[in-house]
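Student: You'll find run09.cif just under this line, and it carries mmCIF, C-alpha atoms and all ligand atoms.
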```
data_final
loop_
_atom_site.group_PDB
_atom_site.id
_atom_site.type_symbol
_atom_site.label_atom_id
_atom_site.label_comp_id
_atom_site.auth_asym_id
_atom_site.auth_seq_id
_atom_site.Cartn_x
_atom_site.Cartn_y
_atom_site.Cartn_z
ATOM 1 C CA MET U 350 110.595 64.610 65.144
ATOM 2 C CA ILE U 351 111.486 67.678 67.127
ATOM 3 C CA THR U 352 114.307 69.879 65.951
ATOM 4 C CA GLY U 353 115.848 72.846 67.685
ATOM 5 C CA CYS U 354 118.266 75.572 66.790
ATOM 6 C CA ALA U 355 121.368 76.406 68.804
ATOM 7 C CA VAL U 356 121.205 79.586 70.835
ATOM 8 C CA SER U 357 124.041 81.572 72.273
ATOM 9 C CA VAL U 358 122.880 82.732 75.688
ATOM 10 C CA ASN U 359 122.617 80.453 78.697
ATOM 11 C CA LEU U 360 119.407 80.338 80.648
ATOM 12 C CA PRO U 361 120.070 78.646 83.969
ATOM 13 C CA LEU U 362 116.736 76.872 84.404
ATOM 14 C CA LEU U 363 116.581 75.180 81.017
ATOM 15 C CA PRO U 364 119.086 72.630 79.736
ATOM 16 C CA ARG U 365 118.722 73.879 76.182
ATOM 17 C CA ASN U 366 120.788 71.141 74.552
ATOM 18 C CA GLN U 367 118.203 68.531 75.437
ATOM 19 C CA PHE U 368 116.029 68.863 72.388
ATOM 20 C CA THR U 369 114.768 65.302 72.553
ATOM 21 C CA ILE U 370 111.353 65.449 74.103
ATOM 22 C CA ASN U 371 109.981 62.645 76.183
ATOM 23 C CA VAL U 372 107.000 61.096 74.528
ATOM 24 C CA LEU U 373 104.573 58.440 75.477
ATOM 25 C CA ASN U 374 103.264 55.621 73.376
ATOM 26 C CA THR U 375 100.244 54.358 75.153
ATOM 27 C CA MET U 376 96.634 54.109 74.129
ATOM 28 C CA SER U 377 95.162 53.244 77.496
ATOM 29 C CA ASP U 378 96.623 55.702 79.980
ATOM 30 C CA CYS U 379 94.832 59.022 80.318
ATOM 31 C CA HIS U 380 97.338 60.660 82.650
ATOM 32 C CA PHE U 381 100.753 62.234 82.653
ATOM 33 C CA THR U 382 103.272 60.597 84.954
ATOM 34 C CA PRO U 383 104.865 62.896 87.554
ATOM 35 C CA HIS U 384 107.965 63.055 85.355
ATOM 36 C CA GLU U 385 105.964 64.041 82.265
ATOM 37 C CA LEU U 386 104.119 66.619 84.284
ATOM 38 C CA SER U 387 107.344 68.186 85.455
ATOM 39 C CA ASP U 388 108.580 68.266 81.827
ATOM 40 C CA TYR U 389 105.361 70.059 80.864
ATOM 41 C CA GLU U 390 105.820 72.556 83.677
ATOM 42 C CA ARG U 391 109.444 73.211 82.700
ATOM 43 C CA ASP U 392 108.933 73.403 78.912
ATOM 44 C CA GLY U 393 105.358 74.677 78.634
ATOM 45 C CA PHE U 394 104.369 71.753 76.435
ATOM 46 C CA PHE U 395 104.471 67.977 76.178
ATOM 47 C CA VAL U 396 104.142 65.771 73.097
ATOM 48 C CA VAL U 397 102.221 62.505 73.322
ATOM 49 C CA ARG U 398 102.991 60.415 70.266
ATOM 50 C CA GLY U 399 100.170 58.252 68.957
ATOM 51 C CA LEU U 400 97.506 59.520 71.342
ATOM 52 C CA TYR U 401 95.062 58.494 68.610
ATOM 53 C CA ASP U 402 95.617 55.646 66.211
ATOM 54 C CA ARG U 403 95.421 55.817 62.450
ATOM 55 C CA GLY U 404 91.847 54.480 62.310
ATOM 56 C CA GLU U 405 90.615 57.148 64.728
ATOM 57 C CA ILE U 406 92.363 59.963 62.869
ATOM 58 C CA ASP U 407 91.270 58.772 59.420
ATOM 59 C CA LYS U 408 87.705 58.741 60.740
ATOM 60 C CA LEU U 409 88.044 62.361 61.902
ATOM 61 C CA ARG U 410 89.565 63.490 58.634
ATOM 62 C CA ARG U 411 86.808 61.815 56.591
ATOM 63 C CA PHE U 412 84.134 63.237 58.869
ATOM 64 C CA ALA U 413 85.487 66.794 58.550
ATOM 65 C CA GLU U 414 85.855 66.502 54.783
ATOM 66 C CA GLU U 415 82.213 65.476 54.451
ATOM 67 C CA ASP U 416 80.750 67.654 57.208
ATOM 68 C CA PRO U 417 78.662 70.538 55.825
ATOM 69 C CA SER U 418 78.835 72.363 59.173
ATOM 70 C CA PHE U 419 82.612 72.362 58.779
ATOM 71 C CA SER U 420 82.813 73.547 55.199
ATOM 72 C CA GLY U 421 80.062 76.074 55.936
ATOM 73 C CA SER U 422 81.832 77.599 58.900
ATOM 74 C CA VAL U 423 85.438 77.752 57.687
ATOM 75 C CA TYR U 424 86.847 81.258 57.699
ATOM 76 C CA GLY U 425 90.269 82.740 57.012
ATOM 77 C CA ARG U 426 92.783 84.798 58.952
ATOM 78 C CA LYS U 427 95.440 86.624 56.963
ATOM 79 C CA ASP U 428 99.007 86.609 58.269
ATOM 80 C CA SER U 429 101.321 89.627 58.091
ATOM 81 C CA THR U 430 102.160 88.859 54.444
ATOM 82 C CA GLY U 431 98.515 88.572 53.393
ATOM 83 C CA HIS U 432 98.381 84.763 53.129
ATOM 84 C CA GLU U 433 95.279 83.244 54.573
ATOM 85 C CA THR U 434 95.174 80.348 57.025
ATOM 86 C CA LYS U 435 91.771 78.747 57.597
ATOM 87 C CA LEU U 436 89.832 77.441 60.548
ATOM 88 C CA ALA U 437 86.399 76.402 61.741
ATOM 89 C CA LEU U 438 85.648 76.966 65.417
ATOM 90 C CA TRP U 439 82.998 75.611 67.788
ATOM 91 C CA ASN U 440 82.439 76.996 71.258
ATOM 92 C CA HIS U 441 80.591 74.024 72.703
ATOM 93 C CA ALA U 442 80.974 70.273 72.633
ATOM 94 C CA GLY U 443 78.034 68.207 71.528
ATOM 95 C CA ASP U 444 77.755 64.639 70.325
ATOM 96 C CA ASP U 445 79.537 64.903 67.017
ATOM 97 C CA LEU U 446 82.928 63.411 66.267
ATOM 98 C CA TYR U 447 84.962 66.563 67.011
ATOM 99 C CA SER U 448 83.346 66.541 70.429
ATOM 100 C CA MET U 449 84.366 62.937 71.055
ATOM 101 C CA PHE U 450 87.939 64.244 70.953
ATOM 102 C CA ALA U 451 87.212 67.362 73.016
ATOM 103 C CA ARG U 452 85.408 65.278 75.678
ATOM 104 C CA SER U 453 87.917 62.439 75.623
ATOM 105 C CA PRO U 454 89.576 61.463 78.914
ATOM 106 C CA ARG U 455 92.859 61.000 77.040
ATOM 107 C CA ILE U 456 92.892 64.775 76.639
ATOM 108 C CA VAL U 457 90.667 66.175 79.374
ATOM 109 C CA GLU U 458 92.248 64.265 82.255
ATOM 110 C CA ARG U 459 95.727 65.400 81.218
ATOM 111 C CA ILE U 460 94.517 68.980 80.908
ATOM 112 C CA GLU U 461 92.977 68.708 84.381
ATOM 113 C CA GLN U 462 96.351 67.588 85.670
ATOM 114 C CA VAL U 463 98.247 70.522 84.174
ATOM 115 C CA LEU U 464 95.606 73.055 85.244
ATOM 116 C CA GLY U 465 95.177 71.522 88.687
ATOM 117 C CA GLY U 466 91.438 70.844 88.762
ATOM 118 C CA GLU U 467 88.203 70.708 86.855
ATOM 119 C CA VAL U 468 88.210 72.236 83.350
ATOM 120 C CA TYR U 469 85.607 73.081 80.742
ATOM 121 C CA LEU U 470 85.831 73.411 76.981
ATOM 122 C CA TYR U 471 86.702 76.968 75.983
ATOM 123 C CA HIS U 472 86.414 76.107 72.282
ATOM 124 C CA MET U 473 87.661 73.655 69.678
ATOM 125 C CA LYS U 474 88.814 74.412 66.170
ATOM 126 C CA MET U 475 89.870 72.601 63.054
ATOM 127 C CA MET U 476 92.887 74.320 61.531
ATOM 128 C CA LEU U 477 93.503 74.025 57.825
ATOM 129 C CA LYS U 478 96.524 75.203 55.871
ATOM 130 C CA GLU U 479 96.015 74.581 52.214
ATOM 131 C CA PRO U 480 98.875 73.392 49.999
ATOM 132 C CA ARG U 481 101.121 76.167 48.686
ATOM 133 C CA VAL U 482 98.867 79.019 49.845
ATOM 134 C CA GLY U 483 97.956 78.361 53.496
ATOM 135 C CA GLY U 484 99.269 81.242 55.584
ATOM 136 C CA ALA U 485 101.308 81.419 58.761
ATOM 137 C CA TRP U 486 100.265 81.907 62.367
ATOM 138 C CA GLU U 487 102.295 84.769 63.769
ATOM 139 C CA TRP U 488 104.173 84.581 67.068
ATOM 140 C CA HIS U 489 101.708 84.743 69.937
ATOM 141 C CA GLN U 490 100.659 83.375 73.277
ATOM 142 C CA ASP U 491 97.072 82.158 73.423
ATOM 143 C CA TYR U 492 96.687 84.180 76.616
ATOM 144 C CA GLY U 493 97.562 87.228 74.508
ATOM 145 C CA TYR U 494 94.119 86.676 72.938
ATOM 146 C CA TRP U 495 92.221 85.264 75.896
ATOM 147 C CA TYR U 496 93.335 87.692 78.612
ATOM 148 C CA HIS U 497 90.933 90.230 77.117
ATOM 149 C CA ASN U 498 88.023 87.800 77.416
ATOM 150 C CA GLY U 499 87.739 88.153 81.170
ATOM 151 C CA CYS U 500 89.991 85.223 82.092
ATOM 152 C CA LEU U 501 91.833 86.708 85.064
ATOM 153 C CA PHE U 502 94.318 83.892 85.494
ATOM 154 C CA PRO U 503 96.415 82.049 82.888
ATOM 155 C CA PHE U 504 94.739 78.788 83.842
ATOM 156 C CA LEU U 505 94.109 77.669 80.257
ATOM 157 C CA ALA U 506 95.760 75.022 78.103
ATOM 158 C CA SER U 507 95.281 73.386 74.735
ATOM 159 C CA CYS U 508 95.781 70.085 73.005
ATOM 160 C CA LEU U 509 96.672 70.086 69.302
ATOM 161 C CA ILE U 510 95.937 66.771 67.595
ATOM 162 C CA ALA U 511 97.692 66.274 64.273
ATOM 163 C CA VAL U 512 95.090 65.177 61.725
ATOM 164 C CA SER U 513 97.559 65.148 58.859
ATOM 165 C CA ARG U 514 101.345 64.836 59.005
ATOM 166 C CA ALA U 515 102.881 68.139 60.090
ATOM 167 C CA ASN U 516 106.425 69.023 59.125
ATOM 168 C CA GLN U 517 108.490 72.104 58.439
ATOM 169 C CA ALA U 518 107.381 72.236 54.805
ATOM 170 C CA ASN U 519 103.661 72.371 55.571
ATOM 171 C CA GLY U 520 103.988 74.627 58.600
ATOM 172 C CA CYS U 521 104.209 72.542 61.770
ATOM 173 C CA LEU U 522 103.900 74.153 65.182
ATOM 174 C CA GLN U 523 106.976 76.008 66.450
ATOM 175 C CA VAL U 524 107.450 76.786 70.123
ATOM 176 C CA VAL U 525 109.919 78.654 72.305
ATOM 177 C CA ARG U 526 110.709 76.117 74.934
ATOM 178 C CA GLY U 527 110.137 77.482 78.433
ATOM 179 C CA ALA U 528 108.747 80.837 77.230
ATOM 180 C CA HIS U 529 105.528 80.330 79.205
ATOM 181 C CA LEU U 530 107.552 81.163 82.308
ATOM 182 C CA MET U 531 107.838 84.775 81.098
ATOM 183 C CA GLY U 532 104.121 85.246 81.705
ATOM 184 C CA ARG U 533 101.969 87.150 79.232
ATOM 185 C CA ILE U 534 103.853 89.638 77.045
ATOM 186 C CA ASP U 535 102.458 92.529 74.979
ATOM 187 C CA HIS U 536 100.375 91.760 71.878
ATOM 188 C CA GLY U 537 99.086 93.872 69.015
ATOM 189 C CA ARG U 538 97.681 93.379 65.520
ATOM 190 C CA SER U 539 99.649 91.378 62.949
ATOM 191 C CA GLY U 540 97.764 91.040 59.665
ATOM 192 C CA GLU U 541 94.305 89.817 60.751
ATOM 193 C CA GLN U 542 95.835 88.050 63.716
ATOM 194 C CA THR U 543 96.985 89.022 67.194
ATOM 195 C CA GLY U 544 100.773 88.991 67.344
ATOM 196 C CA ALA U 545 103.241 89.157 70.214
ATOM 197 C CA ASN U 546 105.564 92.140 70.580
ATOM 198 C CA MET U 547 108.563 91.239 68.402
ATOM 199 C CA GLU U 548 111.147 92.968 70.590
ATOM 200 C CA GLN U 549 110.176 90.607 73.411
ATOM 201 C CA VAL U 550 109.921 87.617 71.049
ATOM 202 C CA ASP U 551 113.437 88.290 69.711
ATOM 203 C CA ALA U 552 114.785 88.569 73.245
ATOM 204 C CA ALA U 553 113.088 85.283 74.124
ATOM 205 C CA LEU U 554 114.520 83.613 71.006
ATOM 206 C CA ALA U 555 118.016 84.754 72.000
ATOM 207 C CA ARG U 556 117.667 83.012 75.334
ATOM 208 C CA MET U 557 115.525 79.930 74.784
ATOM 209 C CA ALA U 558 115.318 77.199 72.186
ATOM 210 C CA LEU U 559 113.092 77.430 69.138
ATOM 211 C CA LEU U 560 111.671 73.973 68.391
ATOM 212 C CA HIS U 561 109.781 72.741 65.342
ATOM 213 C CA ILE U 562 107.418 69.993 66.479
ATOM 214 C CA GLU U 563 106.855 67.633 63.590
ATOM 215 C CA CYS U 564 103.952 65.246 64.039
ATOM 216 C CA GLU U 565 102.444 62.141 62.529
ATOM 217 C CA PRO U 566 98.656 61.903 62.389
ATOM 218 C CA GLY U 567 97.394 61.080 65.884
ATOM 219 C CA ASP U 568 100.244 62.749 67.783
ATOM 220 C CA ALA U 569 99.149 65.365 70.294
ATOM 221 C CA ILE U 570 100.854 68.478 71.648
ATOM 222 C CA PHE U 571 99.628 69.699 75.030
ATOM 223 C CA PHE U 572 100.634 73.315 75.656
ATOM 224 C CA ASP U 573 100.314 76.144 78.129
ATOM 225 C CA CYS U 574 98.403 79.318 77.239
ATOM 226 C CA ASN U 575 101.521 81.423 77.766
ATOM 227 C CA LEU U 576 103.777 79.308 75.548
ATOM 228 C CA LEU U 577 105.077 81.434 72.660
ATOM 229 C CA HIS U 578 104.255 79.678 69.410
ATOM 230 C CA ARG U 579 103.759 80.198 65.710
ATOM 231 C CA SER U 580 103.737 78.229 62.474
ATOM 232 C CA ASP U 581 104.970 78.932 58.954
ATOM 233 C CA MET U 582 103.085 79.135 55.726
ATOM 234 C CA ASN U 583 102.446 75.829 53.967
ATOM 235 C CA THR U 584 104.922 75.711 51.067
ATOM 236 C CA SER U 585 104.331 72.014 50.340
ATOM 237 C CA ASP U 586 101.855 70.142 48.148
ATOM 238 C CA GLU U 587 100.237 68.555 51.223
ATOM 239 C CA PRO U 588 97.497 70.158 53.309
ATOM 240 C CA ARG U 589 98.079 70.533 57.019
ATOM 241 C CA TRP U 590 95.082 69.805 59.259
ATOM 242 C CA SER U 591 94.928 69.814 63.019
ATOM 243 C CA LEU U 592 92.221 69.851 65.660
ATOM 244 C CA ILE U 593 92.931 72.091 68.639
ATOM 245 C CA CYS U 594 90.864 71.688 71.818
ATOM 246 C CA CYS U 595 91.231 74.572 74.280
ATOM 247 C CA TYR U 596 90.231 74.440 77.944
ATOM 248 C CA ASN U 597 89.793 76.858 80.805
ATOM 249 C CA ALA U 598 89.909 75.933 84.487
ATOM 250 C CA ALA U 599 86.454 75.918 86.066
ATOM 251 C CA ARG U 600 87.806 78.174 88.839
ATOM 252 C CA ASN U 601 88.879 80.714 86.184
ATOM 253 C CA ASN U 602 85.341 81.376 84.967
ATOM 254 C CA PRO U 603 85.543 84.649 82.958
ATOM 255 C CA TYR U 604 84.187 87.681 84.824
ATOM 256 C CA LYS U 605 82.533 88.987 81.659
ATOM 257 C CA GLU U 606 80.945 87.703 78.449
ATOM 258 C CA SER U 607 83.120 87.311 75.382
ATOM 259 C CA ARG U 608 83.269 85.356 72.154
ATOM 260 C CA HIS U 609 84.158 82.182 74.086
ATOM 261 C CA PRO U 610 81.907 80.624 76.705
ATOM 262 C CA GLN U 611 81.717 80.783 80.435
ATOM 263 C CA TYR U 612 81.862 77.723 82.637
ATOM 264 C CA SER U 613 79.579 74.787 82.036
ATOM 265 C CA THR U 614 80.189 71.179 83.028
ATOM 266 C CA LEU U 615 82.133 69.192 80.453
ATOM 267 C CA ALA U 616 80.779 65.647 80.273
ATOM 268 C CA LYS U 617 83.638 63.298 79.537
ATOM 269 C CA VAL U 618 83.042 60.331 77.277
ATOM 270 C CA GLY U 619 84.626 56.884 77.388
ATOM 271 C CA GLU U 620 88.155 56.239 76.228
ATOM 272 C CA ASN U 621 87.047 54.527 73.029
ATOM 273 C CA SER U 622 84.303 56.950 72.087
ATOM 274 C CA VAL U 623 86.039 58.055 68.903
ATOM 275 C CA ARG U 624 86.333 54.484 67.681
ATOM 276 C CA ASP U 625 82.768 53.658 68.744
ATOM 277 C CA TRP U 626 81.128 56.841 67.433
ATOM 278 C CA GLN U 627 78.575 56.516 64.656
ATOM 279 C CA GLN U 628 76.893 59.247 62.678
ATOM 280 C CA PRO U 629 73.409 59.678 64.196
ATOM 281 C CA PRO U 630 70.514 59.511 61.718
ATOM 282 C CA ALA U 631 69.740 63.216 62.203
ATOM 283 C CA SER U 632 73.187 64.694 62.647
ATOM 284 C CA ARG U 633 73.775 67.841 64.626
ATOM 285 C CA SER U 634 76.733 70.176 64.670
ATOM 286 C CA ALA U 635 78.885 70.860 67.680
ATOM 287 C CA GLY U 636 77.979 74.323 68.364
HETATM 288 O O1 LIG Z 1 97.681 75.685 63.803
HETATM 289 C C1 LIG Z 1 98.734 76.307 64.000
HETATM 290 O O2 LIG Z 1 99.736 76.146 63.351
HETATM 291 C C2 LIG Z 1 98.836 77.279 65.136
HETATM 292 C C3 LIG Z 1 97.520 77.650 65.661
HETATM 293 C C4 LIG Z 1 97.654 78.546 66.803
HETATM 294 O O3 LIG Z 1 98.686 79.059 67.076
HETATM 295 C C5 LIG Z 1 96.519 78.790 67.683
HETATM 296 O O4 LIG Z 1 95.396 78.414 67.352
HETATM 297 O O5 LIG Z 1 96.737 79.396 68.737
#
```
Show the structure stored in the file as structure tokens.
Tutor:
Amino acid sequence: MITGCAVSVNLPLLPRNQFTINVLNTMSDCHFTPHELSDYERDGFFVVRGLYDRGEIDKLRRFAEEDPSFSGSVYGRKDSTGHETKLALWNHAGDDLYSMFARSPRIVERIEQVLGGEVYLYHMKMMLKEPRVGGAWEWHQDYGYWYHNGCLFPFLASCLIAVSRANQANGCLQVVRGAHLMGRIDHGRSGEQTGANMEQVDAALARMALLHIECEPGDAIFFDCNLLHRSDMNTSDEPRWSLICCYNAARNNPYKESRHPQYSTLAKVGENSVRDWQQPPASRSAG
């Protein structure tokens, strides 16, 4: 479900009353249609319902819960009120199950469409908001972080895969529809996070729709690196898990070293690689 709030100022390019987002329910197609692509370009995001089925998502959840490289690499980021939200991040794709998602044509081919050419994995991360205590993500654009990593152009995009149900109570993703068209705005520190300048965020919120994107496990949100987004603290009894795979265009190879990698070829796997994946006898971590 996607809900939006009414806003009082008209913005000519965006029909802000249309809060119903087109979604797709296919398991076999790895591409956006031209219509879906133009929705993505207008809104800065596109939701694909059921990109992964329940069996595939349950497998990922079980794998993460039992994966020592996950529990060993989880770290926290405090929001502006001091509540901590957790994540584990890998810079490179390997042969583990997270990587079967990050290398999947269902995601990568769509990202190549929106970025207009070859892409590589910039990183992937499992996001975890624990029941009752998991903190918020403050308003930001991903390019507010990544601009300083030597990525000259905003040719980056992400795919968030809901691993658990995400709703308003457990802190689902919120977006300002169309805000990517503003380009990158100022960012500064907000708790232990990087936060967008609130004067500009408030002005954006007065002109464009704020949407809460609720998801079922397996739904995927593709979004632009300049889309303004945030998520609330988890006030529910349910954890909120999601896997976010982030990509950079090959032609946007960073001009300097940073905490995320420079270009290397991303080897795509087959469409059913998540379903077919088996734990190798000597397991390795993604990165
Ligand atoms: O997981 C979330 O709710 C938001 C995460 C986020 O904003 C990000 O990783 O850029």
Student: As a CSV table (one decimal) with C-alpha atoms, in the frame of the given file, please: every protein or nucleic acid residue near ligand LIG 1 (chain Z) (cut-off 7 Å, counting only C-alpha atoms and all ligand atoms).
Tutor:
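Below is the file part-v8.csv, written as the result:
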```csv
chain,number,residue,atom,x,y,z
U,476,MET,CA,92.9,74.3,61.5
U,486,TRP,CA,100.3,81.9,62.4
U,491,ASP,CA,97.1,82.2,73.4
U,520,GLY,CA,104.0,74.6,58.6
U,521,CYS,CA,104.2,72.5,61.8
U,522,LEU,CA,103.9,74.2,65.2
U,578,HIS,CA,104.3,79.7,69.4
U,579,ARG,CA,103.8,80.2,65.7
U,580,SER,CA,103.7,78.2,62.5
U,591,SER,CA,94.9,69.8,63.0
U,593,ILE,CA,92.9,72.1,68.6
```
Student: Residues at most 8 Å from Met449 of chain U, counting only C-alpha atoms, excluding those fewer than 5 positions away in the same chain, as a PDB file with C-alpha atoms, in the frame of the given file?
Tutor:
```
ATOM      1  CA  ASP U 444      77.755  64.639  70.325  1.00  0.00           C
ATOM      2  CA  VAL U 618      83.042  60.331  77.277  1.00  0.00           C
ATOM      3  CA  SER U 622      84.303  56.950  72.087  1.00  0.00           C
ATOM      4  CA  VAL U 623      86.039  58.055  68.903  1.00  0.00           C
ATOM      5  CA  TRP U 626      81.128  56.841  67.433  1.00  0.00           C
TER       6      TRP U 626
END
```
Student: Would you write out, as JSON, numbers by chain, every residue that the PyMOL selection byres (((chain U and resi 432-438) around 6) and not hetatm) captures in this file?
Tutor: {"U": [422, 423, 424, 425, 426, 427, 428, 430, 431, 439, 473, 474, 475, 476, 477, 478, 483, 484]}
Student: Determine the residue membership of the PyMOL selection byres (((chain U and resi 502) around 12) and not hetatm) for the file above and supply it as a list of chain:residue names.
Tutor: U:Leu464, U:Tyr492, U:Gly493, U:Trp495, U:Tyr496, U:His497, U:Asn498, U:Gly499, U:Cys500, U:Leu501, U:Pro503, U:Phe504, U:Leu505, U:Ala506, U:Gly532, U:Arg533, U:Cys574, U:Asn575, U:Asn597, U:Ala598, U:Ala599, U:Arg600, U:Asn601, U:Asn602, U:Pro603, U:Tyr604
Student: Restricting the calculation to all atoms listed in the file, which member of U:Ser448, U:Arg624, U:Val512, U:Pro383 is positioned closest to Cys564 of chain U?
Tutor: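 Closest to Cys564 of chain U, using all atoms listed in the file: U:Val512.
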Student: Give as a count of residues only the residues that the PyMOL selection byres (((chain U and resi 524) around 12) and not hetatm) matches when applied to the coordinates above.
Tutor: 45
Student: Which of these residues is nearest to Cys595 of chain U, using all atoms listed in the file: U:His441, U:Lys408, U:Arg538, U:His384?
Tutor: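 Looking at the shortest contact to Cys595 of chain U, the residue is U:His441.
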Student: Which of these residues is nearest to Arg411 of chain U, using all atoms listed in the file: U:Glu548, U:Ala442, U:Tyr447, U:Leu386?
Tutor: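 Distance minimum relative to Arg411 of chain U lands on U:Tyr447.
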Student: Centre and edge lengths of an axis-aligned box around all listed atoms of segment 422-438 of chain U, with 3 Å added on each side, are to be given in Å to one decimal, as AutoDock Vina command-line options.
Tutor:
```
--center_x 92.0 --center_y 83.0 --center_z 59.3 --size_x 26.3 --size_y 19.2 --size_z 18.3
```
Student: Can you work out which one of U:Asp568, U:Asp378, U:Glu541, U:Glu414 has the shortest atom-to-atom distance to Arg398 of chain U, counting only C-alpha atoms?
Tutor: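 That would be U:Asp568, the residue with the smallest distance to Arg398 of chain U.
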Student: Considering only C-alpha atoms, state which residue in the set U:Ile460, U:Glu467, U:Asn546, U:Met531 is at the smallest distance from Tyr389 of chain U.
Tutor: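 Selected residue with least distance to Tyr389 of chain U: U:Ile460.
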Student: One decimal, Å: what's the distance from atom CA of Gln517 of chain U over to atom CA of Arg589 of chain U, could you say?
Tutor: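 Atom CA of Arg589 of chain U lies 10.6 Å from atom CA of Gln517 of chain U.
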Student: Hey, which of U:Leu446, U:Ala413, U:Leu400, U:Ala511 ends up closest to Trp590 of chain U? Count only C-alpha atoms.
Tutor: U:Ala511
Student: Could you pull the residues within 10 Å of Glu620 of chain U, counting only C-alpha atoms, minus those fewer than 4 positions along the same chain, as a ChimeraX atom specification?
Tutor: /U:376-379,449-450,452-456,624-625
Student: What gap, in Å, lies between atom CA of Lys605 of chain U and atom CA of Val468 of chain U?
Tutor: 17.8 Å
